[in-house]
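Worksheet: one structure, shown below.
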Amino acid sequence: VDLNLGTRDGPGSGFFFFWVGIIMVGLSLSIWVQGLRQGGDSPGIRAVFSGLRWPKVIYVLIALSLYAYAFSLLGFILATVLLLIFLFKAIETQRWSVAILGAVASSVAAYLVFQVWLGSQLPKGLLGIG
C-alpha cells in the first residue's frame, strides 16, 4: 500500500497519518521539555523517566514494529485487532471479553472512519478482510 502525502491540491492517503505523527512528536517533545524543566526533587532527566516501566515500553515498541510489518500482510482490521488485544491484555491487563470487544469495536470504528467515510485505501491483506 502506497501511503503517499499527495500534492498541495489533492492530499494522498498518508497525508493525515503524516501530520498526526508530526503533531504527536511535537507534543511528546513539549512534555519531555516540561519534565526536564520541573525537575522537582530529582534533577534533570531523572524526573522525566522516574516511574517509567521499561519492559512495557519495550513490549509496545516491539508490538508496533510487528504491526507495521503485519499491516499489509494481514490487512488493516486483522492487524489492528491483534495489536489492540495485545495492548489491552499485556500492557493494561483487561479481561479477555473487554480486550476482544474493545479491539474489534475500535478497529471497525477506525475502518469505518478512514475507509468508508474518508475514502482512504487501507490494505485488505491475504484474507481479503478490510
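Chain labels follow the order of the C-alpha cells: the first chain is A, the next B, and so on; residue numbering restarts at 1 in every chain, and ligands are counted from 1 in their shown order.
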Could you list, as a tab-separated table (two decimals) with C-alpha atoms, in the first residue's frame, every residue within 6 Å of segment 82-91 of chain A, counting only C-alpha atoms and ignoring same-chain residues fewer than 6 positions away?
chain	number	residue	atom	x	y	z
A	99	ALA	CA	-9.88	-6.79	25.32
A	100	ILE	CA	-11.56	-8.59	22.43
A	103	ALA	CA	-10.19	-4.30	19.96
**Request:** Give the helix (DSSP H, G or I) residues of segment 6-90 of chain A, as assigned by DSSP on the backbone, as a ChimeraX atom specification.
**Result:** /A:15-38,45-49,54-74,76-90
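The environment of Phe17 of chain A within 12 Å, counting only C-alpha atoms and disregarding residues fewer than 3 places along the same chain, consists of Leu3, Asn4, Leu5, Pro11, Gly12, Ser13, Gly14, Val20, Gly21, Ile22, Ile23, Met24, Phe114 and Ser120 of chain A.
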**Request:** Excluding Gly75 of chain A and any residue of its chain fewer than 4 positions from it, enumerate the residues within 12 Å of it, using only C-alpha atoms, and give them as a PyMOL selection string.
**Result:** chain A and resi 1+67-71+79-82+107+111+121-130
What would the file look like if the residues just selected were written as an mmCIF file, in the first residue's frame with N, CA and C atoms?
data_model
loop_
_atom_site.group_PDB
_atom_site.id
_atom_site.type_symbol
_atom_site.label_atom_id
_atom_site.label_comp_id
_atom_site.auth_asym_id
_atom_site.auth_seq_id
_atom_site.Cartn_x
_atom_site.Cartn_y
_atom_site.Cartn_z
ATOM 1 N N VAL A 1 0.850 -1.175 0.000
ATOM 2 C CA VAL A 1 0.000 0.000 0.000
ATOM 3 C C VAL A 1 0.889 1.229 0.000
ATOM 4 N N TYR A 67 3.340 -4.751 14.095
ATOM 5 C CA TYR A 67 2.119 -4.230 13.481
ATOM 6 C C TYR A 67 2.439 -3.591 12.124
ATOM 7 N N ALA A 68 3.519 -2.834 12.073
ATOM 8 C CA ALA A 68 3.908 -2.201 10.807
ATOM 9 C C ALA A 68 4.215 -3.253 9.746
ATOM 10 N N TYR A 69 4.818 -4.356 10.165
ATOM 11 C CA TYR A 69 5.109 -5.442 9.230
ATOM 12 C C TYR A 69 3.825 -6.168 8.817
ATOM 13 N N ALA A 70 2.943 -6.426 9.778
ATOM 14 C CA ALA A 70 1.734 -7.213 9.528
ATOM 15 C C ALA A 70 0.629 -6.406 8.862
ATOM 16 N N PHE A 71 0.738 -5.098 8.870
ATOM 17 C CA PHE A 71 -0.312 -4.213 8.358
ATOM 18 C C PHE A 71 -0.713 -4.564 6.928
ATOM 19 N N ALA A 79 -4.843 -6.945 11.585
ATOM 20 C CA ALA A 79 -3.608 -6.497 12.239
ATOM 21 C C ALA A 79 -3.915 -5.571 13.413
ATOM 22 N N THR A 80 -4.890 -4.685 13.237
ATOM 23 C CA THR A 80 -5.237 -3.744 14.299
ATOM 24 C C THR A 80 -5.908 -4.451 15.468
ATOM 25 N N VAL A 81 -6.778 -5.415 15.178
ATOM 26 C CA VAL A 81 -7.417 -6.187 16.252
ATOM 27 C C VAL A 81 -6.351 -6.912 17.071
ATOM 28 N N LEU A 82 -5.406 -7.568 16.404
ATOM 29 C CA LEU A 82 -4.357 -8.293 17.117
ATOM 30 C C LEU A 82 -3.490 -7.353 17.958
ATOM 31 N N SER A 107 -11.268 -1.245 16.045
ATOM 32 C CA SER A 107 -10.793 -1.498 14.683
ATOM 33 C C SER A 107 -11.881 -1.239 13.649
ATOM 34 N N TYR A 111 -11.902 1.623 10.844
ATOM 35 C CA TYR A 111 -12.108 1.235 9.448
ATOM 36 C C TYR A 111 -13.245 2.053 8.829
ATOM 37 N N GLN A 121 -7.376 4.321 1.381
ATOM 38 C CA GLN A 121 -7.142 2.973 0.899
ATOM 39 C C GLN A 121 -6.383 2.196 1.960
ATOM 40 N N LEU A 122 -7.088 1.365 2.698
ATOM 41 C CA LEU A 122 -6.458 0.538 3.710
ATOM 42 C C LEU A 122 -6.230 -0.860 3.141
ATOM 43 N N PRO A 123 -5.139 -1.513 3.510
ATOM 44 C CA PRO A 123 -4.841 -2.834 2.945
ATOM 45 C C PRO A 123 -5.836 -3.893 3.403
ATOM 46 N N LYS A 124 -6.162 -4.795 2.468
ATOM 47 C CA LYS A 124 -7.074 -5.899 2.777
ATOM 48 C C LYS A 124 -6.331 -7.128 3.291
ATOM 49 N N GLY A 125 -5.089 -7.278 2.951
ATOM 50 C CA GLY A 125 -4.306 -8.398 3.446
ATOM 51 C C GLY A 125 -4.576 -9.688 2.682
ATOM 52 N N LEU A 126 -3.946 -10.749 3.130
ATOM 53 C CA LEU A 126 -4.038 -12.048 2.460
ATOM 54 C C LEU A 126 -5.451 -12.631 2.493
ATOM 55 N N LEU A 127 -6.182 -12.392 3.568
ATOM 56 C CA LEU A 127 -7.533 -12.951 3.702
ATOM 57 C C LEU A 127 -8.597 -12.100 3.009
ATOM 58 N N GLY A 128 -8.218 -10.914 2.550
ATOM 59 C CA GLY A 128 -9.165 -10.030 1.884
ATOM 60 C C GLY A 128 -10.136 -9.357 2.831
ATOM 61 N N ILE A 129 -9.779 -9.294 4.107
ATOM 62 C CA ILE A 129 -10.645 -8.665 5.118
ATOM 63 C C ILE A 129 -10.147 -7.244 5.358
ATOM 64 N N GLY A 130 -11.008 -6.280 5.119
ATOM 65 C CA GLY A 130 -10.757 -4.881 5.415
ATOM 66 C C GLY A 130 -9.371 -4.465 5.260
#
